[in-house]
Every structure is written in C-alpha cells, then in structure tokens.
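Q: Once you've had a glance at the structure underneath, I'll fire off some questions.
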Amino acid sequence: MMNIIFLGTSGMRPTKERNHSCIILEHNKENIMFDCGEGTQRQMKIAGIDFNRISTILISHWHGDHVLGIPGFIQSLAAQNYSGTLHIYGPKGTKKRINAMFKAFVFDNPLKIEIKEIKKDGIFLEKDEYTIAAYKLEHSTPCIGFVFKEADKRKIKTDFIAKLGIPHGPLLGKLQEGKDILFNGKKIKAEDATTLIEGKKIGYIADTAVCEGCAKIAKNADLLISESTHASNLEDKAEEYQHLTAKQAGLIALHNNAKKLILTHFSQRYKNTKELEEDAKTHFDNVICAYDFMKIKL
Ligand SMILES: [Zn+2]
Ligand SMILES: [Zn+2]
C-alpha cells in the first residue's frame, strides 16, 4: 500500500487555497514527510493523517516555506506522547538549525529525535522495505531532492510450484527471498519459480535551477514530483531565484524517462494552474498539477 498526499502546494507565499510545502508518503503503516511548511499540522488533521505514524521528516532546504511547520508539529507529537524515535534528515546545517528553533520558544522537548545531515549524493537510508536517496540540487541555500524506492518483490508462480508439488511453507519463503532451493533432490531456481516485481520509484525535486541532481532524481521514476514555480514566460525570474519553470520540469521528465509528472510549489500568481500544466505538456504529456489534499495511490 502506497499513497502520496499533497498537504501544501504553494511556493514562497501561501494562498487561501494552497498551504506551504508538505508531502506525505504513506507506505504500509509508516508515514514519511517531505518538507514541513507552516500550517502542516492543521492540514494533517483535515486530511486525517495520524501524527504517530510519521517516522521520518525529510527536509529539502531551510527556506521558511519548507520548514516553519517543524516546531509546532514536534510540540504536538510531544503532547500526544509520541513513543518512537523521530528521524529527521536534511542538508548541511540541519542540526544547528533544529536546535536553534527549539531555543526560540519555551518547550522542554521530551521526544527522542535523531537528526542526520546528508552531505553526499546517494542512498542514506536502507530498510528491508525501501531505500531513500538524496541528490544535491542548485538553490540559493544548500538544497537536496529525494528518491524513495520500494524494494523489489518476488511473486511465486503458482502453476510452476503446483506442477512440482512444492508444499506451502519455508521452501516457498526461500524462493520469495530469491534463494534457490533443493526439492526431492532437484535444484529449483528462484528465478524460474518466481516473477520479479520491481519496486516503485518516486522522485521529489525541491526548489532548484536545472542541474544534474534533477536528472538523477527523475531517472526512470514511476512518479516524479517537481517544483515548478513559474511558467516559461517567466523563465528569467525562475532563473534569478533558482527555480524551475513547468516546461523545464516537463523536459526533465522526458529526458530521464519518468512515467508520470506531478507539478507543485506554485507562485501565488497562479490562481489557475492550467497554464503551468500546458507549459509542461509542450514536452511531457502525462502531467498534472497538484492541489492541497490531492491523494495519489500507487
Ligand atoms: Zn520553496
Ligand atoms: Zn527555496
């Protein structure tokens, strides 16, 4: 089970319809948060997301529109006796800035929080069920984008197994783990007895100019989420503030073989995002613009 919920889809300034950046990835019983803009906890309440299931906060960069929701969110976790360890990953400077946030108001933090700074490209979190990698982006402050990749799974070929008469139990478990087995003195190869189902790959390109990191994040993504602050008639403005246009996001998706593109992080000037969608479609057809509370099942 995997869902993506957009809780905030605005750029620097929120609007009546759009909150600051936050995306929740629900993966089985665990929720992972990508950025935590101001107002995130109210958006979570409205969307019905259980605070206690958030295991991890991934911070792309320390501009206010991506992080100002963190202290309030943590304060609420503490008030409801969050029992796990909250893992926070972000770019260089994250530890110092989180600690500075807690000094700014009265709060004795009882939570177990583990903060890690990501200083190089590649996988930084590896679990049985998934991996998460980060890649450097180009923005006016250190900024990283993320790739969430589900682990590949093996599905038993039931006909094949039935023909050989292999009983349900540990032998099938081994095949599912990709290990060959011995059955009635005969070697059964996992690759013959199972079908490999590739895990889904989700990329998140946060605030950035066009750069190598964008390509690494987009490469073969089943779903690419990308900022697109402006349409291409404002490319100069986008360049000046190191942001992408919708057209550039479309090009990145096309050149890197992404299957689906969702645009987010819009300038407040776009009341209607049709213009941005059309702009991206010059290069890439399978694109939609996110809106607050949009939910995608994968
Ligand atoms: Zn931003
Ligand atoms: Zn920014």
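Following the order of the structure tokens, chains are lettered A, B, ..., residues in each are numbered from 1, and ligands are numbered from 1.
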To test your reading of the structure, identify every residue in stretch 115-211 of chain A that backbone DSSP assigns to helix (DSSP H, G or I), and report it as a ChimeraX atom specification.
A: /A:158-164,170-176,190-193
Q: Can you write just those residues out, all heavy atoms, as a compact mmCIF listing (two decimals), in the first residue's frame?
A:
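Output file result_2.txt follows:
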```txt
# COMPACT_ATOMS: atom_id res chain seq x y z
N THR A 158 2.42 -19.74 -9.15
CA THR A 158 1.66 -20.82 -8.51
C THR A 158 1.56 -22.07 -9.38
O THR A 158 1.66 -23.20 -8.88
CB THR A 158 0.25 -20.33 -8.10
OG1 THR A 158 -0.24 -19.53 -9.15
CG2 THR A 158 0.29 -19.51 -6.83
N ASP A 159 1.40 -21.91 -10.69
CA ASP A 159 1.29 -23.07 -11.59
C ASP A 159 2.57 -23.91 -11.54
O ASP A 159 2.52 -25.14 -11.43
CB ASP A 159 1.08 -22.61 -13.04
CG ASP A 159 -0.32 -22.08 -13.23
OD1 ASP A 159 -1.09 -22.12 -12.25
OD2 ASP A 159 -0.64 -21.59 -14.34
N PHE A 160 3.69 -23.21 -11.64
CA PHE A 160 5.01 -23.84 -11.64
C PHE A 160 5.23 -24.66 -10.37
O PHE A 160 5.66 -25.81 -10.41
CB PHE A 160 6.07 -22.72 -11.76
CG PHE A 160 7.48 -23.19 -11.88
CD1 PHE A 160 8.05 -23.42 -13.12
CD2 PHE A 160 8.26 -23.36 -10.73
CE1 PHE A 160 9.37 -23.84 -13.22
CE2 PHE A 160 9.58 -23.78 -10.83
CZ PHE A 160 10.13 -24.01 -12.09
N ILE A 161 4.87 -24.03 -9.22
CA ILE A 161 5.03 -24.66 -7.91
C ILE A 161 4.11 -25.87 -7.78
O ILE A 161 4.51 -26.94 -7.30
CB ILE A 161 4.71 -23.61 -6.80
CG1 ILE A 161 5.75 -22.49 -6.82
CG2 ILE A 161 4.62 -24.24 -5.42
CD1 ILE A 161 7.18 -22.95 -6.67
N ALA A 162 2.85 -25.71 -8.25
CA ALA A 162 1.86 -26.79 -8.13
C ALA A 162 2.31 -28.00 -8.95
O ALA A 162 2.20 -29.15 -8.50
CB ALA A 162 0.50 -26.29 -8.61
N LYS A 163 2.85 -27.74 -10.13
CA LYS A 163 3.29 -28.83 -11.01
C LYS A 163 4.38 -29.68 -10.34
O LYS A 163 4.40 -30.89 -10.42
CB LYS A 163 3.82 -28.23 -12.32
CG LYS A 163 3.47 -29.10 -13.52
CD LYS A 163 4.11 -28.60 -14.79
CE LYS A 163 3.30 -27.55 -15.52
NZ LYS A 163 4.03 -26.95 -16.64
N LEU A 164 5.30 -28.97 -9.62
CA LEU A 164 6.38 -29.69 -8.95
C LEU A 164 5.94 -30.28 -7.61
O LEU A 164 6.63 -31.11 -7.04
CB LEU A 164 7.56 -28.74 -8.72
CG LEU A 164 8.29 -28.25 -9.98
CD1 LEU A 164 9.28 -27.18 -9.62
CD2 LEU A 164 9.02 -29.41 -10.66
N PRO A 170 8.31 -23.03 4.45
CA PRO A 170 9.61 -22.34 4.39
C PRO A 170 10.29 -22.38 3.02
O PRO A 170 11.00 -21.44 2.66
CB PRO A 170 10.47 -23.05 5.44
CG PRO A 170 9.68 -24.16 5.98
CD PRO A 170 8.28 -24.07 5.49
N LEU A 171 10.05 -23.46 2.25
CA LEU A 171 10.72 -23.55 0.94
C LEU A 171 10.24 -22.41 0.02
O LEU A 171 11.04 -21.78 -0.68
CB LEU A 171 10.43 -24.90 0.28
CG LEU A 171 11.21 -26.09 0.86
CD1 LEU A 171 10.78 -27.37 0.17
CD2 LEU A 171 12.72 -25.89 0.70
N LEU A 172 8.94 -22.16 0.06
CA LEU A 172 8.40 -21.07 -0.77
C LEU A 172 8.94 -19.72 -0.29
O LEU A 172 9.23 -18.82 -1.08
CB LEU A 172 6.87 -21.06 -0.74
CG LEU A 172 6.15 -22.22 -1.43
CD1 LEU A 172 4.67 -21.92 -1.58
CD2 LEU A 172 6.74 -22.52 -2.80
N GLY A 173 9.08 -19.62 1.04
CA GLY A 173 9.63 -18.39 1.62
C GLY A 173 11.02 -18.11 1.07
O GLY A 173 11.36 -16.98 0.73
N LYS A 174 11.83 -19.18 0.97
CA LYS A 174 13.20 -19.02 0.45
C LYS A 174 13.18 -18.56 -1.00
O LYS A 174 13.95 -17.68 -1.40
CB LYS A 174 13.97 -20.34 0.57
CG LYS A 174 14.51 -20.54 1.95
CD LYS A 174 15.59 -21.59 1.98
CE LYS A 174 16.19 -21.65 3.38
NZ LYS A 174 16.67 -22.96 3.73
N LEU A 175 12.31 -19.16 -1.78
CA LEU A 175 12.20 -18.76 -3.20
C LEU A 175 11.82 -17.28 -3.30
O LEU A 175 12.35 -16.54 -4.11
CB LEU A 175 11.16 -19.62 -3.92
CG LEU A 175 11.56 -21.07 -4.19
CD1 LEU A 175 10.37 -21.87 -4.69
CD2 LEU A 175 12.71 -21.15 -5.21
N GLN A 176 10.90 -16.89 -2.41
CA GLN A 176 10.45 -15.50 -2.42
C GLN A 176 11.58 -14.52 -2.06
O GLN A 176 11.59 -13.38 -2.49
CB GLN A 176 9.30 -15.32 -1.44
CG GLN A 176 8.07 -14.82 -2.16
CD GLN A 176 6.81 -14.91 -1.33
OE1 GLN A 176 6.76 -15.57 -0.30
NE2 GLN A 176 5.79 -14.25 -1.81
N ALA A 190 15.23 -19.83 -8.02
CA ALA A 190 14.26 -18.79 -7.65
C ALA A 190 13.79 -18.02 -8.89
O ALA A 190 12.62 -17.68 -9.01
CB ALA A 190 14.88 -17.83 -6.64
N GLU A 191 14.71 -17.80 -9.81
CA GLU A 191 14.32 -17.01 -11.00
C GLU A 191 13.32 -17.76 -11.90
O GLU A 191 12.57 -17.14 -12.64
CB GLU A 191 15.53 -16.55 -11.80
CG GLU A 191 16.37 -17.64 -12.37
CD GLU A 191 17.58 -17.10 -13.13
OE1 GLU A 191 18.47 -16.51 -12.50
OE2 GLU A 191 17.61 -17.30 -14.36
N ASP A 192 13.31 -19.11 -11.79
CA ASP A 192 12.33 -19.88 -12.57
C ASP A 192 10.98 -19.96 -11.86
O ASP A 192 9.94 -20.00 -12.51
CB ASP A 192 12.82 -21.32 -12.81
CG ASP A 192 14.10 -21.33 -13.64
OD1 ASP A 192 14.29 -20.38 -14.42
OD2 ASP A 192 14.90 -22.28 -13.49
N ALA A 193 11.05 -19.99 -10.53
CA ALA A 193 9.83 -20.24 -9.75
C ALA A 193 9.09 -18.96 -9.36
O ALA A 193 7.99 -19.03 -8.83
CB ALA A 193 10.20 -21.02 -8.49
```
Q: Stretch 109-126 of chain A: which residues within 7 Å, counting only C-alpha atoms, same-chain residues fewer than 2 positions away excluded, as an mmCIF file with N, CA, C and O atoms, in the first residue's frame?
A:
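For reference, selection-v1.cif as written:
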```
data_model
loop_
_atom_site.group_PDB
_atom_site.id
_atom_site.type_symbol
_atom_site.label_atom_id
_atom_site.label_comp_id
_atom_site.auth_asym_id
_atom_site.auth_seq_id
_atom_site.Cartn_x
_atom_site.Cartn_y
_atom_site.Cartn_z
ATOM 1 N N ALA A 78 4.872 15.696 21.002
ATOM 2 C CA ALA A 78 5.221 15.554 22.419
ATOM 3 C C ALA A 78 3.943 15.535 23.255
ATOM 4 O O ALA A 78 3.817 14.725 24.181
ATOM 5 N N THR A 85 11.077 7.004 17.836
ATOM 6 C CA THR A 85 12.143 7.978 17.598
ATOM 7 C C THR A 85 11.810 8.681 16.293
ATOM 8 O O THR A 85 11.525 8.026 15.292
ATOM 9 N N LEU A 86 11.816 10.000 16.316
ATOM 10 C CA LEU A 86 11.551 10.763 15.094
ATOM 11 C C LEU A 86 12.884 10.980 14.372
ATOM 12 O O LEU A 86 13.839 11.501 14.953
ATOM 13 N N HIS A 87 12.933 10.551 13.117
ATOM 14 C CA HIS A 87 14.169 10.694 12.350
ATOM 15 C C HIS A 87 14.054 11.903 11.425
ATOM 16 O O HIS A 87 13.086 12.006 10.668
ATOM 17 N N ILE A 88 15.008 12.791 11.518
ATOM 18 C CA ILE A 88 14.985 13.980 10.657
ATOM 19 C C ILE A 88 16.259 13.978 9.808
ATOM 20 O O ILE A 88 17.369 13.849 10.335
ATOM 21 N N TYR A 89 16.086 14.094 8.502
ATOM 22 C CA TYR A 89 17.223 14.170 7.587
ATOM 23 C C TYR A 89 17.131 15.484 6.826
ATOM 24 O O TYR A 89 16.042 15.889 6.396
ATOM 25 N N GLY A 90 18.258 16.129 6.654
ATOM 26 C CA GLY A 90 18.239 17.382 5.904
ATOM 27 C C GLY A 90 19.634 17.726 5.430
ATOM 28 O O GLY A 90 20.596 16.991 5.690
ATOM 29 N N PRO A 91 19.778 18.846 4.746
ATOM 30 C CA PRO A 91 21.103 19.219 4.244
ATOM 31 C C PRO A 91 22.012 19.718 5.372
ATOM 32 O O PRO A 91 21.573 19.834 6.514
ATOM 33 N N LYS A 92 23.226 19.999 5.008
ATOM 34 C CA LYS A 92 24.229 20.538 5.942
ATOM 35 C C LYS A 92 23.620 21.706 6.736
ATOM 36 O O LYS A 92 22.943 22.553 6.161
ATOM 37 N N THR A 94 21.458 21.297 9.259
ATOM 38 C CA THR A 94 20.149 20.931 9.816
ATOM 39 C C THR A 94 20.170 20.812 11.342
ATOM 40 O O THR A 94 19.274 21.321 12.021
ATOM 41 N N LYS A 95 21.213 20.196 11.911
ATOM 42 C CA LYS A 95 21.277 20.014 13.372
ATOM 43 C C LYS A 95 21.240 21.363 14.079
ATOM 44 O O LYS A 95 20.453 21.582 14.988
ATOM 45 N N PHE A 107 9.909 25.362 25.492
ATOM 46 C CA PHE A 107 9.487 23.987 25.208
ATOM 47 C C PHE A 107 10.578 23.030 25.657
ATOM 48 O O PHE A 107 11.704 23.096 25.175
ATOM 49 N N ASP A 128 14.489 -2.998 4.871
ATOM 50 C CA ASP A 128 14.080 -4.163 4.074
ATOM 51 C C ASP A 128 13.058 -3.764 3.016
ATOM 52 O O ASP A 128 13.057 -4.282 1.913
ATOM 53 N N TYR A 130 12.330 -0.578 1.758
ATOM 54 C CA TYR A 130 12.619 0.541 0.849
ATOM 55 C C TYR A 130 13.995 1.163 1.098
ATOM 56 O O TYR A 130 14.628 0.882 2.122
ATOM 57 N N THR A 131 14.409 2.001 0.153
ATOM 58 C CA THR A 131 15.613 2.829 0.368
ATOM 59 C C THR A 131 15.237 4.286 0.067
ATOM 60 O O THR A 131 14.305 4.546 -0.689
ATOM 61 N N ILE A 132 15.966 5.201 0.670
ATOM 62 C CA ILE A 132 15.794 6.614 0.322
ATOM 63 C C ILE A 132 17.174 7.191 0.000
ATOM 64 O O ILE A 132 18.139 6.983 0.744
ATOM 65 N N ALA A 133 17.238 7.886 -1.133
ATOM 66 C CA ALA A 133 18.494 8.518 -1.550
ATOM 67 C C ALA A 133 18.272 10.026 -1.647
ATOM 68 O O ALA A 133 17.137 10.495 -1.758
ATOM 69 N N ALA A 134 19.370 10.768 -1.590
ATOM 70 C CA ALA A 134 19.276 12.227 -1.751
ATOM 71 C C ALA A 134 20.261 12.669 -2.824
ATOM 72 O O ALA A 134 21.318 12.035 -3.009
ATOM 73 N N TYR A 135 19.917 13.723 -3.542
ATOM 74 C CA TYR A 135 20.823 14.272 -4.551
ATOM 75 C C TYR A 135 20.825 15.793 -4.432
ATOM 76 O O TYR A 135 19.783 16.421 -4.198
ATOM 77 N N LYS A 136 22.017 16.348 -4.598
ATOM 78 C CA LYS A 136 22.213 17.791 -4.430
ATOM 79 C C LYS A 136 21.503 18.558 -5.541
ATOM 80 O O LYS A 136 21.609 18.212 -6.722
#
```
Q: Let me see if you get this right: every residue at most 7 Å from ligand 2, counting only C-alpha atoms and all ligand atoms, written as a ChimeraX atom specification.
A: /A:61,63,139,207
Q: Which neighbours of A:Thr208 fall inside 9 Å, counting only C-alpha atoms, when residues of the same chain fewer than 6 positions from it are skipped, and could you give them as an MDAnalysis selection string?
A: chainID A and resid 137:140 143:144 214 227 241:244
Q: With only C-alpha atoms as the counted atoms, please give the residues lying no more than 9 Å from A:Met1, apart from itself and same-chain residues fewer than 4 positions off, as a list in words.
A: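 The contact residues come out as Glu26, His27, Asn28, Lys29, Lys297 and Leu298 of chain A.
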Q: Could you give me the residues within 6 Å of ligand 1, counting only C-alpha atoms and all ligand atoms, as JSON, numbers by chain?
A: {"A": [11, 12, 65, 207]}
Q: Where in stretch 7-132 of chain A does DSSP assign strand (DSSP E or B), given as a ChimeraX atom specification?
A: /A:7-8,10,22-27,30-34,54-58,85-90,112-117,122-126,130-132
Q: Leaving out A:Met44 and any residue of its chain fewer than 6 positions from it, which residues lie within 9 Å of it when counting only C-alpha atoms, given as an MDAnalysis selection string?
A: chainID A and resid 7 50:51
Q: Excluding A:Lys259 and residues on its chain fewer than 4 positions from it, collect all residues at most 10 Å away from it, counting only C-alpha atoms, and give them as a list in words.
A: Ala218, Lys219, Asn220, Ala221, Asp222, Leu223, Leu224, Ala253, Leu254, Phe284, Asp285, Asn286 and Val287 of chain A
Q: Using all heavy atoms, can you export the residues from the last selection as a short mmCIF file (atom, residue, chain, number, x, y, z; two decimals), in the first residue's frame?
A:
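Dumped to again21.cif:
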```cif
data_model
loop_
_atom_site.label_atom_id
_atom_site.label_comp_id
_atom_site.auth_asym_id
_atom_site.auth_seq_id
_atom_site.Cartn_x
_atom_site.Cartn_y
_atom_site.Cartn_z
N ALA A 218 15.02 12.17 -11.37
CA ALA A 218 13.95 11.84 -12.32
C ALA A 218 14.15 10.50 -13.02
O ALA A 218 13.19 9.90 -13.51
CB ALA A 218 13.85 12.94 -13.37
N LYS A 219 15.40 10.02 -13.07
CA LYS A 219 15.75 8.82 -13.86
C LYS A 219 14.79 7.65 -13.62
O LYS A 219 14.70 7.13 -12.51
CB LYS A 219 17.19 8.41 -13.52
CG LYS A 219 17.81 7.46 -14.50
CD LYS A 219 18.73 8.20 -15.47
CE LYS A 219 18.64 7.66 -16.85
NZ LYS A 219 18.72 8.62 -17.91
N ASN A 220 14.04 7.28 -14.63
CA ASN A 220 13.13 6.12 -14.59
C ASN A 220 12.12 6.14 -13.45
O ASN A 220 11.66 5.07 -13.00
CB ASN A 220 13.92 4.80 -14.52
CG ASN A 220 14.83 4.63 -15.72
OD1 ASN A 220 14.46 5.00 -16.83
ND2 ASN A 220 16.02 4.12 -15.50
N ALA A 221 11.78 7.32 -12.95
CA ALA A 221 10.84 7.40 -11.83
C ALA A 221 9.44 6.99 -12.30
O ALA A 221 9.00 7.37 -13.38
CB ALA A 221 10.80 8.81 -11.26
N ASP A 222 8.76 6.19 -11.46
CA ASP A 222 7.35 5.89 -11.75
C ASP A 222 6.52 7.14 -11.53
O ASP A 222 5.56 7.39 -12.24
CB ASP A 222 6.86 4.77 -10.83
CG ASP A 222 7.56 3.47 -11.14
OD1 ASP A 222 7.17 2.85 -12.13
OD2 ASP A 222 8.53 3.10 -10.44
N LEU A 223 6.92 7.90 -10.53
CA LEU A 223 6.26 9.18 -10.29
C LEU A 223 7.32 10.22 -9.97
O LEU A 223 8.15 10.02 -9.06
CB LEU A 223 5.29 9.07 -9.10
CG LEU A 223 4.66 10.39 -8.64
CD1 LEU A 223 3.79 10.99 -9.74
CD2 LEU A 223 3.81 10.18 -7.38
N LEU A 224 7.32 11.30 -10.72
CA LEU A 224 8.24 12.40 -10.45
C LEU A 224 7.42 13.58 -9.96
O LEU A 224 6.50 14.03 -10.64
CB LEU A 224 9.02 12.78 -11.72
CG LEU A 224 9.95 13.99 -11.56
CD1 LEU A 224 11.06 13.70 -10.55
CD2 LEU A 224 10.58 14.38 -12.90
N ALA A 253 11.46 15.42 -17.01
CA ALA A 253 10.70 14.15 -17.00
C ALA A 253 10.92 13.39 -18.31
O ALA A 253 11.17 12.19 -18.32
CB ALA A 253 9.22 14.43 -16.78
N LEU A 254 10.87 14.11 -19.42
CA LEU A 254 11.03 13.48 -20.74
C LEU A 254 12.43 12.87 -20.91
O LEU A 254 12.58 11.70 -21.27
CB LEU A 254 10.79 14.52 -21.84
CG LEU A 254 11.08 14.07 -23.27
CD1 LEU A 254 9.95 13.19 -23.77
CD2 LEU A 254 11.27 15.26 -24.21
N PHE A 284 5.98 16.99 -22.22
CA PHE A 284 5.66 15.76 -21.49
C PHE A 284 4.16 15.71 -21.21
O PHE A 284 3.62 16.57 -20.51
CB PHE A 284 6.45 15.73 -20.18
CG PHE A 284 6.43 14.42 -19.48
CD1 PHE A 284 7.25 13.38 -19.90
CD2 PHE A 284 5.59 14.21 -18.40
CE1 PHE A 284 7.23 12.15 -19.24
CE2 PHE A 284 5.57 12.99 -17.73
CZ PHE A 284 6.40 11.97 -18.16
N ASP A 285 3.51 14.68 -21.76
CA ASP A 285 2.05 14.62 -21.72
C ASP A 285 1.43 14.19 -20.40
O ASP A 285 0.42 14.72 -19.97
CB ASP A 285 1.55 13.63 -22.80
CG ASP A 285 1.18 14.38 -24.05
OD1 ASP A 285 0.93 15.60 -23.93
OD2 ASP A 285 1.15 13.77 -25.14
N ASN A 286 2.07 13.21 -19.76
CA ASN A 286 1.46 12.63 -18.56
C ASN A 286 1.76 13.49 -17.33
O ASN A 286 2.53 13.11 -16.46
CB ASN A 286 1.94 11.19 -18.38
CG ASN A 286 1.08 10.44 -17.38
OD1 ASN A 286 0.03 10.94 -16.95
ND2 ASN A 286 1.53 9.25 -17.01
N VAL A 287 1.17 14.68 -17.30
CA VAL A 287 1.46 15.62 -16.23
C VAL A 287 0.17 16.18 -15.65
O VAL A 287 -0.79 16.43 -16.37
CB VAL A 287 2.38 16.75 -16.75
CG1 VAL A 287 1.79 17.49 -17.93
CG2 VAL A 287 2.68 17.77 -15.64
#
```
Q: Mind checking which residues fall within 10 Å of A:Asp35, counting only C-alpha atoms, ignoring those fewer than 5 positions away in the same chain, and posting them as a list in words?
A: Gly8, His20, Ser21, Cys22, Ile23, Ile24, Thr40, Ile57, Leu58, Ile59, Ser60, His61, Trp62, Asp65, His66, Val67, Leu68, Gly69, Ile70, Gly90 and Ala206 of chain A
Q: Using atom CA of A:Ser226 and atom CA of A:Tyr204 as the two end points, give the distance in Å to one decimal.
A: 5.8 Å
Q: Grab the atom CA of A:Ala246 to atom CA of A:Met2 distance for me, in Å with one decimal place.
A: 25.9 Å
Q: What is the atom CA of A:Thr273 to atom CA of A:Ile5 distance in Å?
A: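 Separation between atom CA of A:Thr273 and atom CA of A:Ile5: 18.2 Å.
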Q: Using only C-alpha atoms, find the one residue out of A:Lys149, A:His230, A:Lys281, A:Arg269 that sits nearest to A:Ile252.
A: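 With only C-alpha atoms as the atom set, the closest residue is A:Lys281.
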